[in-house]
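With mmCIF, C-alpha atoms inside, this is upload11.cif:
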data_protein
loop_
_atom_site.group_PDB
_atom_site.id
_atom_site.type_symbol
_atom_site.label_atom_id
_atom_site.label_comp_id
_atom_site.auth_asym_id
_atom_site.auth_seq_id
_atom_site.Cartn_x
_atom_site.Cartn_y
_atom_site.Cartn_z
ATOM 1 C CA MET R 221 0.000 0.000 0.000
ATOM 2 C CA ASP R 222 1.322 3.462 -0.907
ATOM 3 C CA LYS R 223 2.519 5.613 1.971
ATOM 4 C CA THR R 224 0.598 8.743 2.991
ATOM 5 C CA VAL R 225 2.980 11.296 4.454
ATOM 6 C CA ASP R 226 2.567 11.933 8.182
ATOM 7 C CA SER R 227 2.815 15.724 8.371
ATOM 8 C CA TYR R 228 3.399 15.658 12.120
ATOM 9 C CA ARG R 229 5.944 12.881 12.423
ATOM 10 C CA PHE R 230 8.633 15.368 13.429
ATOM 11 C CA LEU R 231 6.359 17.871 15.179
ATOM 12 C CA ASP R 232 4.660 17.849 18.542
ATOM 13 C CA GLY R 233 3.296 20.223 21.164
ATOM 14 C CA ILE R 234 2.497 23.793 20.248
ATOM 15 C CA ALA R 235 4.131 23.617 16.809
ATOM 16 C CA LYS R 236 1.886 20.719 15.843
ATOM 17 C CA ARG R 237 -1.212 22.497 17.172
ATOM 18 C CA VAL R 238 -0.381 25.671 15.258
ATOM 19 C CA MET R 239 0.264 23.849 11.984
ATOM 20 C CA GLN R 240 -2.968 21.879 12.317
ATOM 21 C CA HIS R 241 -4.907 25.077 12.917
ATOM 22 C CA TRP R 242 -3.264 26.873 10.000
ATOM 23 C CA SER R 243 -3.920 23.885 7.745
ATOM 24 C CA ALA R 244 -7.645 24.223 8.398
ATOM 25 C CA MET R 245 -7.647 27.863 7.256
ATOM 26 C CA ARG R 246 -8.448 27.762 3.538
ATOM 27 C CA ARG R 247 -7.385 30.551 1.203
ATOM 28 C CA GLY R 248 -10.756 30.720 -0.552
ATOM 29 C CA ARG R 249 -9.398 31.794 -3.931
ATOM 30 C CA ALA R 250 -9.249 29.833 -7.158
ATOM 31 C CA ILE R 251 -6.143 27.693 -7.634
ATOM 32 C CA PRO R 252 -3.960 29.279 -10.330
ATOM 33 C CA TRP R 253 -2.833 27.005 -13.132
ATOM 34 C CA THR R 254 -0.184 27.148 -15.835
ATOM 35 C CA PRO R 255 0.178 23.888 -17.744
ATOM 36 C CA LEU R 256 3.705 22.621 -18.286
ATOM 37 C CA ALA R 257 4.201 23.622 -21.901
ATOM 38 C CA LYS R 258 6.829 21.057 -22.894
ATOM 39 C CA PRO R 259 8.254 17.716 -21.735
ATOM 40 C CA LEU R 260 10.372 17.904 -18.606
ATOM 41 C CA SER R 261 13.449 16.898 -20.599
ATOM 42 C CA GLN R 262 13.109 20.128 -22.578
ATOM 43 C CA CYS R 263 12.538 22.396 -19.581
ATOM 44 C CA THR R 264 14.694 25.032 -17.963
ATOM 45 C CA VAL R 265 14.121 24.786 -14.226
ATOM 46 C CA SER R 266 14.633 27.310 -11.451
ATOM 47 C CA MET R 267 14.265 26.714 -7.721
ATOM 48 C CA VAL R 268 13.112 28.845 -4.809
ATOM 49 C CA SER R 269 14.119 28.203 -1.197
ATOM 50 C CA SER R 270 12.336 29.693 1.809
ATOM 51 C CA ALA R 271 15.431 29.185 3.985
ATOM 52 C CA ALA R 272 16.506 32.849 3.702
ATOM 53 C CA LEU R 273 19.718 31.962 1.870
ATOM 54 C CA ALA R 274 22.154 34.580 0.649
ATOM 55 C CA LEU R 275 25.570 34.537 -0.929
ATOM 56 C CA ARG R 276 28.292 35.393 1.558
ATOM 57 C CA THR R 277 29.248 38.205 -0.846
ATOM 58 C CA ASP R 278 25.698 39.577 -0.817
ATOM 59 C CA ALA R 279 23.907 41.668 1.790
ATOM 60 C CA PRO R 280 22.626 39.471 4.622
ATOM 61 C CA TYR R 281 18.950 39.403 5.496
ATOM 62 C CA ASP R 282 18.124 41.973 8.161
ATOM 63 C CA VAL R 283 17.164 39.737 11.072
ATOM 64 C CA GLU R 284 16.673 42.820 13.256
ATOM 65 C CA ILE R 285 13.465 43.486 11.298
ATOM 66 C CA GLU R 286 12.010 40.314 12.796
ATOM 67 C CA ARG R 287 13.529 40.919 16.212
ATOM 68 C CA ARG R 288 11.832 44.350 16.312
ATOM 69 C CA ASP R 289 8.506 43.124 14.895
ATOM 70 C CA PRO R 290 8.219 39.343 15.336
ATOM 71 C CA TRP R 291 5.164 39.101 13.070
ATOM 72 C CA PHE R 292 7.253 40.166 10.092
ATOM 73 C CA ALA R 293 10.526 39.023 8.516
ATOM 74 C CA ASP R 294 12.804 40.746 6.046
ATOM 75 C CA PRO R 295 10.702 40.741 2.838
ATOM 76 C CA SER R 296 13.633 40.862 0.455
ATOM 77 C CA TYR R 297 14.844 38.046 -1.763
ATOM 78 C CA ARG R 298 18.258 36.949 -2.954
ATOM 79 C CA ILE R 299 19.537 35.456 -6.161
ATOM 80 C CA LEU R 300 21.650 32.310 -5.957
ATOM 81 C CA PRO R 301 23.663 31.312 -9.031
ATOM 82 C CA ARG R 302 23.305 27.818 -10.445
ATOM 83 C CA GLY R 303 26.933 26.944 -9.624
ATOM 84 C CA LEU R 304 26.396 27.612 -5.921
ATOM 85 C CA LYS R 305 28.468 25.586 -3.480
ATOM 86 C CA THR R 306 27.802 25.153 0.254
ATOM 87 C CA SER R 307 30.672 27.446 1.218
ATOM 88 C CA ASP R 308 29.229 30.242 -0.955
ATOM 89 C CA ALA R 309 26.059 30.834 1.058
ATOM 90 C CA SER R 310 24.598 31.402 4.506
ATOM 91 C CA ALA R 311 21.105 30.692 5.858
ATOM 92 C CA TYR R 312 19.395 33.417 7.901
ATOM 93 C CA HIS R 313 16.066 31.751 8.793
ATOM 94 C CA LEU R 314 15.423 32.176 12.527
ATOM 95 C CA HIS R 315 12.893 29.328 12.918
ATOM 96 C CA ILE R 316 14.915 26.292 11.896
ATOM 97 C CA ASN R 317 18.192 24.609 12.666
ATOM 98 C CA THR R 318 20.383 25.893 9.838
ATOM 99 C CA ASP R 319 23.172 23.371 10.524
ATOM 100 C CA PHE R 320 21.930 21.096 7.738
ATOM 101 C CA ALA R 321 22.249 23.926 5.219
ATOM 102 C CA LYS R 322 25.667 24.917 6.571
ATOM 103 C CA GLU R 323 26.910 21.341 6.165
ATOM 104 C CA ASP R 324 25.355 20.840 2.743
ATOM 105 C CA ILE R 325 23.399 23.546 0.920
ATOM 106 C CA ASN R 326 21.736 20.854 -1.181
ATOM 107 C CA THR R 327 19.601 19.867 1.811
ATOM 108 C CA VAL R 328 17.616 23.079 1.276
ATOM 109 C CA LEU R 329 18.501 24.193 -2.267
ATOM 110 C CA PRO R 330 19.731 21.213 -4.326
ATOM 111 C CA LEU R 331 21.521 23.080 -7.102
ATOM 112 C CA GLU R 332 24.260 20.463 -7.491
ATOM 113 C CA ARG R 333 21.587 17.791 -7.729
ATOM 114 C CA LEU R 334 19.703 19.836 -10.342
ATOM 115 C CA TYR R 335 22.856 20.101 -12.417
ATOM 116 C CA GLU R 336 23.284 16.326 -12.192
ATOM 117 C CA LEU R 337 19.767 15.919 -13.559
ATOM 118 C CA VAL R 338 20.770 18.112 -16.500
ATOM 119 C CA GLU R 339 23.743 15.827 -17.147
ATOM 120 C CA LEU R 340 21.434 12.814 -16.974
ATOM 121 C CA GLY R 341 19.111 14.391 -19.522
ATOM 122 C CA GLU R 342 16.154 14.568 -17.133
ATOM 123 C CA ILE R 343 15.801 18.327 -17.695
ATOM 124 C CA ARG R 344 17.230 20.601 -20.362
ATOM 125 C CA ALA R 345 18.895 23.184 -18.134
ATOM 126 C CA SER R 346 19.249 24.666 -14.678
ATOM 127 C CA ALA R 347 18.387 28.351 -14.899
ATOM 128 C CA PRO R 348 21.283 30.767 -14.328
ATOM 129 C CA SER R 349 19.417 32.222 -11.330
ATOM 130 C CA HIS R 350 17.672 30.626 -8.363
ATOM 131 C CA TYR R 351 16.024 32.410 -5.471
ATOM 132 C CA SER R 352 15.572 32.513 -1.748
ATOM 133 C CA TYR R 353 13.507 34.486 0.738
ATOM 134 C CA SER R 354 12.417 34.138 4.347
ATOM 135 C CA GLY R 355 9.454 31.798 4.471
ATOM 136 C CA TYR R 356 8.311 33.144 7.842
ATOM 137 C CA THR R 357 6.081 36.176 7.856
ATOM 138 C CA LEU R 358 2.533 36.842 8.942
ATOM 139 C CA ARG R 359 2.572 40.064 6.931
ATOM 140 C CA PRO R 360 3.412 38.928 3.361
ATOM 141 C CA ALA R 361 2.276 42.110 1.569
ATOM 142 C CA ASP R 362 5.756 43.625 1.206
ATOM 143 C CA LEU R 363 7.249 40.358 -0.057
ATOM 144 C CA LEU R 364 4.478 39.952 -2.611
ATOM 145 C CA ARG R 365 4.564 43.589 -3.709
ATOM 146 C CA ASP R 366 8.313 44.170 -3.888
ATOM 147 C CA SER R 367 10.141 40.858 -4.284
ATOM 148 C CA VAL R 368 7.879 38.657 -6.366
ATOM 149 C CA PRO R 369 7.625 40.988 -9.422
ATOM 150 C CA CYS R 370 11.434 41.190 -9.595
ATOM 151 C CA MET R 371 11.711 37.414 -9.427
ATOM 152 C CA VAL R 372 9.063 37.008 -12.120
ATOM 153 C CA ARG R 373 10.867 39.432 -14.418
ATOM 154 C CA ARG R 374 14.162 37.560 -14.087
ATOM 155 C CA LEU R 375 12.508 34.161 -14.485
ATOM 156 C CA ARG R 376 11.023 35.367 -17.766
ATOM 157 C CA GLU R 377 14.309 36.877 -18.951
ATOM 158 C CA GLU R 378 16.043 33.551 -18.367
ATOM 159 C CA GLY R 379 13.383 31.539 -20.195
ATOM 160 C CA VAL R 380 12.395 29.437 -17.198
ATOM 161 C CA ASP R 381 9.710 26.841 -17.866
ATOM 162 C CA ALA R 382 9.184 25.390 -14.405
ATOM 163 C CA VAL R 383 9.828 26.410 -10.827
ATOM 164 C CA VAL R 384 10.329 24.068 -7.866
ATOM 165 C CA LEU R 385 9.743 25.583 -4.437
ATOM 166 C CA VAL R 386 11.633 23.935 -1.586
ATOM 167 C CA PRO R 387 10.355 24.522 1.946
ATOM 168 C CA VAL R 388 12.446 24.568 5.031
ATOM 169 C CA MET N 266 4.756 32.647 -3.346
ATOM 170 C CA GLN N 267 3.924 29.580 -5.439
ATOM 171 C CA CYS N 268 0.500 30.919 -6.400
ATOM 172 C CA GLU N 269 2.003 34.215 -7.505
ATOM 173 C CA LEU N 270 4.560 32.487 -9.726
ATOM 174 C CA GLU N 271 1.953 30.150 -11.200
ATOM 175 C CA ALA N 272 -0.355 33.082 -11.941
ATOM 176 C CA ALA N 273 2.581 34.829 -13.639
ATOM 177 C CA GLY N 274 2.837 31.975 -16.161
ATOM 178 C CA PHE N 275 5.238 29.414 -14.713
ATOM 179 C CA ALA N 276 4.411 25.783 -14.012
ATOM 180 C CA THR N 277 5.296 25.357 -10.359
ATOM 181 C CA LEU N 278 5.514 22.660 -7.748
ATOM 182 C CA SER N 279 6.073 22.845 -4.005
ATOM 183 C CA LEU N 280 7.704 20.183 -1.936
ATOM 184 C CA SER N 281 5.988 20.122 1.447
ATOM 185 C CA MET N 282 6.426 18.437 4.799
ATOM 186 C CA ILE N 283 2.927 19.601 5.825
ATOM 187 C CA PRO N 284 0.950 19.094 2.603
ATOM 188 C CA GLU N 285 -2.395 20.089 4.132
ATOM 189 C CA LEU N 286 -0.921 23.449 5.062
ATOM 190 C CA THR N 287 0.487 23.982 1.575
ATOM 191 C CA ALA N 288 -2.810 22.874 0.033
ATOM 192 C CA SER N 289 -4.698 25.390 2.173
ATOM 193 C CA THR N 290 -2.883 28.172 0.304
ATOM 194 C CA GLY N 291 -4.303 27.019 -3.027
ATOM 195 C CA ALA N 292 -1.027 25.617 -4.325
ATOM 196 C CA PRO N 293 -1.461 24.098 -7.795
ATOM 197 C CA ARG N 294 0.975 21.165 -7.433
ATOM 198 C CA ILE N 295 2.385 19.629 -4.259
ATOM 199 C CA THR N 296 4.690 16.726 -3.508
ATOM 200 C CA ALA N 297 4.401 15.632 0.117
ATOM 201 C CA LEU N 298 7.557 14.443 1.809
ATOM 202 C CA GLU N 299 8.179 12.967 5.265
ATOM 203 C CA HIS N 300 11.496 14.654 6.011
ATOM 204 C CA PRO N 301 12.279 16.903 8.980
ATOM 205 C CA PHE N 302 12.269 20.685 8.847
ATOM 206 C CA GLY N 303 15.666 22.018 7.923
ATOM 207 C CA ALA N 304 16.506 19.066 5.654
ATOM 208 C CA PRO N 305 13.689 18.823 3.114
ATOM 209 C CA MET N 306 15.835 17.262 0.400
ATOM 210 C CA GLY N 307 17.416 14.647 2.646
ATOM 211 C CA PRO N 308 20.389 14.209 4.956
ATOM 212 C CA SER N 309 23.545 16.262 4.548
ATOM 213 C CA GLY N 310 25.892 14.655 2.058
ATOM 214 C CA ASP N 311 23.338 12.112 0.816
ATOM 215 C CA ALA N 312 23.475 13.051 -2.856
ATOM 216 C CA ALA N 313 21.566 9.967 -3.960
ATOM 217 C CA ARG N 314 18.597 10.746 -1.699
ATOM 218 C CA GLN N 315 18.604 14.444 -2.590
ATOM 219 C CA ARG N 316 18.737 13.680 -6.314
ATOM 220 C CA ALA N 317 15.988 11.053 -6.034
ATOM 221 C CA VAL N 318 13.703 13.453 -4.161
ATOM 222 C CA LEU N 319 14.312 16.234 -6.673
ATOM 223 C CA LEU N 320 13.708 13.933 -9.642
ATOM 224 C CA ALA N 321 10.503 12.575 -8.093
ATOM 225 C CA ALA N 322 9.289 16.123 -7.540
ATOM 226 C CA LEU N 323 10.061 17.147 -11.116
ATOM 227 C CA GLN N 324 8.359 14.033 -12.473
ATOM 228 C CA ALA N 325 5.292 14.868 -10.395
ATOM 229 C CA LEU N 326 5.358 18.399 -11.797
ATOM 230 C CA GLU N 327 5.227 16.883 -15.280
ATOM 231 C CA ARG N 328 2.500 14.341 -14.456
ATOM 232 C CA ILE N 329 0.064 16.365 -12.349
ATOM 233 C CA ALA N 330 -2.829 17.410 -14.588
ATOM 234 C CA GLN N 331 -5.406 18.488 -12.013
ATOM 235 C CA PRO N 332 -4.857 21.769 -10.118
ATOM 236 C CA GLY N 333 -4.512 21.252 -6.389
ATOM 237 C CA THR N 334 -3.111 17.719 -6.619
ATOM 238 C CA THR N 335 -0.824 16.371 -3.902
ATOM 239 C CA VAL N 336 1.493 13.459 -4.675
ATOM 240 C CA HIS N 337 2.862 11.654 -1.633
ATOM 241 C CA LEU N 338 6.511 10.736 -2.171
ATOM 242 C CA GLN N 339 7.407 7.327 -0.773
ATOM 243 C CA PHE N 340 10.742 8.167 0.825
ATOM 244 C CA GLU N 341 11.367 7.210 4.439
ATOM 245 C CA TRP N 342 13.673 9.552 6.347
ATOM 246 C CA ASN N 343 17.094 7.882 6.349
ATOM 247 C CA GLY N 344 18.958 10.391 8.509
ATOM 248 C CA PRO N 345 19.301 10.656 12.301
ATOM 249 C CA PRO N 346 16.123 9.270 13.921
ATOM 250 C CA LYS N 347 15.582 12.414 16.023
ATOM 251 C CA PRO N 348 16.987 15.234 13.908
ATOM 252 C CA LEU N 349 17.466 18.527 15.706
ATOM 253 C CA MET N 350 15.107 20.868 13.846
ATOM 254 C CA HIS N 351 14.840 23.805 16.218
ATOM 255 C CA PRO N 352 17.321 26.696 16.271
ATOM 256 C CA ALA N 353 19.575 27.203 19.293
ATOM 257 C CA GLU N 354 17.682 30.396 20.172
ATOM 258 C CA ALA N 355 13.877 30.450 20.180
ATOM 259 C CA PRO N 356 12.475 32.485 17.263
ATOM 260 C CA PRO N 357 11.485 36.093 18.048
ATOM 261 C CA ILE N 358 7.762 35.324 17.825
ATOM 262 C CA ALA N 359 8.100 32.528 20.394
ATOM 263 C CA GLN N 360 9.960 34.801 22.794
ATOM 264 C CA TYR N 361 7.388 37.541 22.182
ATOM 265 C CA LEU N 362 4.378 35.315 22.850
ATOM 266 C CA VAL N 363 5.895 33.864 26.022
ATOM 267 C CA ARG N 364 5.854 37.418 27.371
ATOM 268 C CA ARG N 365 2.421 38.221 25.873
ATOM 269 C CA PRO N 366 0.386 34.998 25.944
ATOM 270 C CA TRP N 367 -2.890 36.891 25.385
ATOM 271 C CA LEU N 368 -1.710 37.510 21.811
ATOM 272 C CA PHE N 369 -1.360 33.800 21.020
ATOM 273 C CA PRO N 370 -4.878 33.681 19.459
ATOM 274 C CA LYS N 371 -3.751 36.370 16.974
ATOM 275 C CA PHE N 372 -0.798 34.185 16.016
ATOM 276 C CA LEU N 373 -2.984 31.106 15.785
ATOM 277 C CA ASN N 374 -5.469 32.917 13.536
ATOM 278 C CA ARG N 375 -2.746 34.660 11.492
ATOM 279 C CA THR N 376 -4.171 38.094 12.354
ATOM 280 C CA PRO N 377 -1.143 40.091 13.503
ATOM 281 C CA PRO N 378 -1.658 43.443 15.221
ATOM 282 C CA VAL N 379 -1.709 46.454 12.930
ATOM 283 C CA ARG N 380 1.885 47.338 12.129
ATOM 284 C CA PRO N 381 2.953 50.738 13.478
ATOM 285 C CA ASP N 382 4.487 52.784 10.653
#
So that I can check it, write out the structure of this file as structure tokens.
Amino acid sequence: MDKTVDSYRFLDGIAKRVMQHWSAMRRGRAIPWTPLAKPLSQCTVSMVSSAALALRTDAPYDVEIERRDPWFADPSYRILPRGLKTSDASAYHLHINTDFAKEDINTVLPLERLYELVELGEIRASAPSHYSYSGYTLRPADLLRDSVPCMVRRLREEGVDAVVLVPV
Amino acid sequence: MQCELEAAGFATLSLSMIPELTASTGAPRITALEHPFGAPMGPSGDAARQRAVLLAALQALERIAQPGTTVHLQFEWNGPPKPLMHPAEAPPIAQYLVRRPWLFPKFLNRTPPVRPD
């Protein structure tokens, strides 16, 4: 029999209660839909991580924003290049253990794995740019207004066909 | 985020450790995965697992034809049995609510106080 994922296998207590409550809150809007226009093997793929990753050479996320107003995280995004290695980036998410990402960036943004799938012919290309932002915020308006349009513009410029979002 | 990108004309898929939560946002395509927070793609250094998860997700993205579909990936977590998921320091919201427990219902209902500008 096929396995059904247990969402709460690694959660208990208050975290479990909160996630269960949030899961019952439906968005109430129509589900958007863009069909995949070509076979996967012909697709250029980009990925988005909510782990608040940034290149070490880039500006860090401003964690003081969240420390001052804990309902709200830094709404900015960062671009991660497709050749990213673990030593190139840092994770700024304040709600998770970032040790996994520090040891191996592919645990949260598998760019090396995506490149291997290109070599295997599973996809056509890994996009030049991939993205990250802080997945925690209870005030998403700034993220949606300021960061998403910039990401969309770059995704279009790079001819991306499909986007995989990786949670943290 | 996923809904915005889908509406902008990209075929998207979210991996999710809490698929019901992701589905509640109206996500068009979801692959559910029983991995701990902090290591969604698999254990550190386990390239085979990470690659298998990513490929399964991409194949689901190609196969899913009905908006709102969740595919449950069959991977069993093969890392430490009790992975440490929480940060060393409690997140700011946790510290805040410990001091102001009367605001916990606002957090639970995702209705933050009006932001002072």
May I have the residues of chain N within 6 Å of chain R, counting only C-alpha atoms, written as JSON, numbers by chain? {"N": [271, 272, 274, 275, 276, 277, 278, 279, 280, 282, 283, 285, 286, 289, 290, 291, 293, 299, 301, 302, 303, 304, 306, 307, 309, 316, 337, 339, 350, 351, 352, 356, 357, 358]}
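Reported to one decimal place, the separation of atom CA of Asp362 of chain R from atom CA of Arg380 of chain N is 12.2 Å.
We find atom CA of Val336 of chain N and atom CA of Pro308 of chain N to be spaced 21.2 Å apart.
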Distance in Å - atom CA of Val379 of chain N versus atom CA of Ala235 of chain R: 23.9 Å
Matched chain/residue IDs from the PyMOL selection byres ((chain R and resi 347) around 8), as a PyMOL selection string: chain R and resi 264-266+302+345-346+348-350+378-380
Store the residues picked out above in a file with C-alpha atoms, as a PDB file, in the coordinates of the input.
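out_10.pdb, freshly written:
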ATOM      1  CA  THR R 264      14.694  25.032 -17.963  1.00  0.00           C
ATOM      2  CA  VAL R 265      14.121  24.786 -14.226  1.00  0.00           C
ATOM      3  CA  SER R 266      14.633  27.310 -11.451  1.00  0.00           C
ATOM      4  CA  ARG R 302      23.305  27.818 -10.445  1.00  0.00           C
ATOM      5  CA  ALA R 345      18.895  23.184 -18.134  1.00  0.00           C
ATOM      6  CA  SER R 346      19.249  24.666 -14.678  1.00  0.00           C
ATOM      7  CA  PRO R 348      21.283  30.767 -14.328  1.00  0.00           C
ATOM      8  CA  SER R 349      19.417  32.222 -11.330  1.00  0.00           C
ATOM      9  CA  HIS R 350      17.672  30.626  -8.363  1.00  0.00           C
ATOM     10  CA  GLU R 378      16.043  33.551 -18.367  1.00  0.00           C
ATOM     11  CA  GLY R 379      13.383  31.539 -20.195  1.00  0.00           C
ATOM     12  CA  VAL R 380      12.395  29.437 -17.198  1.00  0.00           C
TER      13      VAL R 380
END
Selected residue, from R:Cys263, R:Leu340, R:Arg298, R:Asp366, that lies nearest to Pro280 of chain R when counting only C-alpha atoms: R:Arg298
Could you write segment 349-376 of chain N as a compact mmCIF listing (two decimals), in the coordinates of the input, with N, CA and C atoms rebuilt where they are missing?
# COMPACT_ATOMS: atom_id res chain seq x y z
N LEU N 349 17.67 17.29 14.97
CA LEU N 349 17.47 18.53 15.71
C LEU N 349 16.98 19.60 14.75
N MET N 350 15.71 19.95 14.82
CA MET N 350 15.11 20.87 13.85
C MET N 350 15.06 22.30 14.35
N HIS N 351 15.06 22.47 15.68
CA HIS N 351 14.84 23.80 16.22
C HIS N 351 16.15 24.57 16.32
N PRO N 352 16.11 25.90 16.14
CA PRO N 352 17.32 26.70 16.27
C PRO N 352 17.77 26.75 17.72
N ALA N 353 19.03 27.14 17.94
CA ALA N 353 19.58 27.20 19.29
C ALA N 353 18.82 28.24 20.13
N GLU N 354 18.43 29.34 19.49
CA GLU N 354 17.68 30.40 20.17
C GLU N 354 16.24 30.36 19.68
N ALA N 355 15.28 30.45 20.58
CA ALA N 355 13.88 30.45 20.18
C ALA N 355 13.61 31.61 19.23
N PRO N 356 12.77 31.40 18.20
CA PRO N 356 12.48 32.48 17.26
C PRO N 356 11.87 33.69 17.98
N PRO N 357 12.01 34.89 17.40
CA PRO N 357 11.48 36.09 18.05
C PRO N 357 10.00 36.00 18.40
N ILE N 358 9.19 35.38 17.54
CA ILE N 358 7.76 35.32 17.82
C ILE N 358 7.49 34.45 19.04
N ALA N 359 8.28 33.40 19.22
CA ALA N 359 8.10 32.53 20.39
C ALA N 359 8.46 33.29 21.67
N GLN N 360 9.56 34.01 21.63
CA GLN N 360 9.96 34.80 22.79
C GLN N 360 8.91 35.87 23.10
N TYR N 361 8.39 36.47 22.05
CA TYR N 361 7.39 37.54 22.18
C TYR N 361 6.12 37.01 22.82
N LEU N 362 5.65 35.85 22.37
CA LEU N 362 4.38 35.32 22.85
C LEU N 362 4.50 34.75 24.25
N VAL N 363 5.69 34.31 24.64
CA VAL N 363 5.90 33.86 26.02
C VAL N 363 5.64 35.03 26.97
N ARG N 364 6.04 36.23 26.52
CA ARG N 364 5.85 37.42 27.37
C ARG N 364 4.45 37.99 27.23
N ARG N 365 3.75 37.67 26.14
CA ARG N 365 2.42 38.22 25.87
C ARG N 365 1.47 37.09 25.46
N PRO N 366 1.19 36.17 26.34
CA PRO N 366 0.39 35.00 25.94
C PRO N 366 -1.01 35.35 25.47
N TRP N 367 -1.55 36.50 25.84
CA TRP N 367 -2.89 36.89 25.38
C TRP N 367 -2.93 37.15 23.88
N LEU N 368 -1.77 37.30 23.26
CA LEU N 368 -1.71 37.51 21.81
C LEU N 368 -1.59 36.20 21.02
N PHE N 369 -1.50 35.08 21.72
CA PHE N 369 -1.36 33.80 21.02
C PHE N 369 -2.53 33.55 20.06
N PRO N 370 -3.79 33.88 20.43
CA PRO N 370 -4.88 33.68 19.46
C PRO N 370 -4.65 34.44 18.15
N LYS N 371 -4.05 35.63 18.22
CA LYS N 371 -3.75 36.37 16.97
C LYS N 371 -2.75 35.60 16.12
N PHE N 372 -1.78 34.99 16.74
CA PHE N 372 -0.80 34.18 16.02
C PHE N 372 -1.48 32.96 15.42
N LEU N 373 -2.31 32.32 16.24
CA LEU N 373 -2.98 31.11 15.78
C LEU N 373 -3.90 31.40 14.60
N ASN N 374 -4.53 32.56 14.60
CA ASN N 374 -5.47 32.92 13.54
C ASN N 374 -4.81 33.74 12.43
N ARG N 375 -3.49 33.92 12.52
CA ARG N 375 -2.75 34.66 11.49
C ARG N 375 -3.32 36.06 11.28
N THR N 376 -3.65 36.72 12.39
CA THR N 376 -4.17 38.09 12.35
C THR N 376 -3.26 38.98 13.20
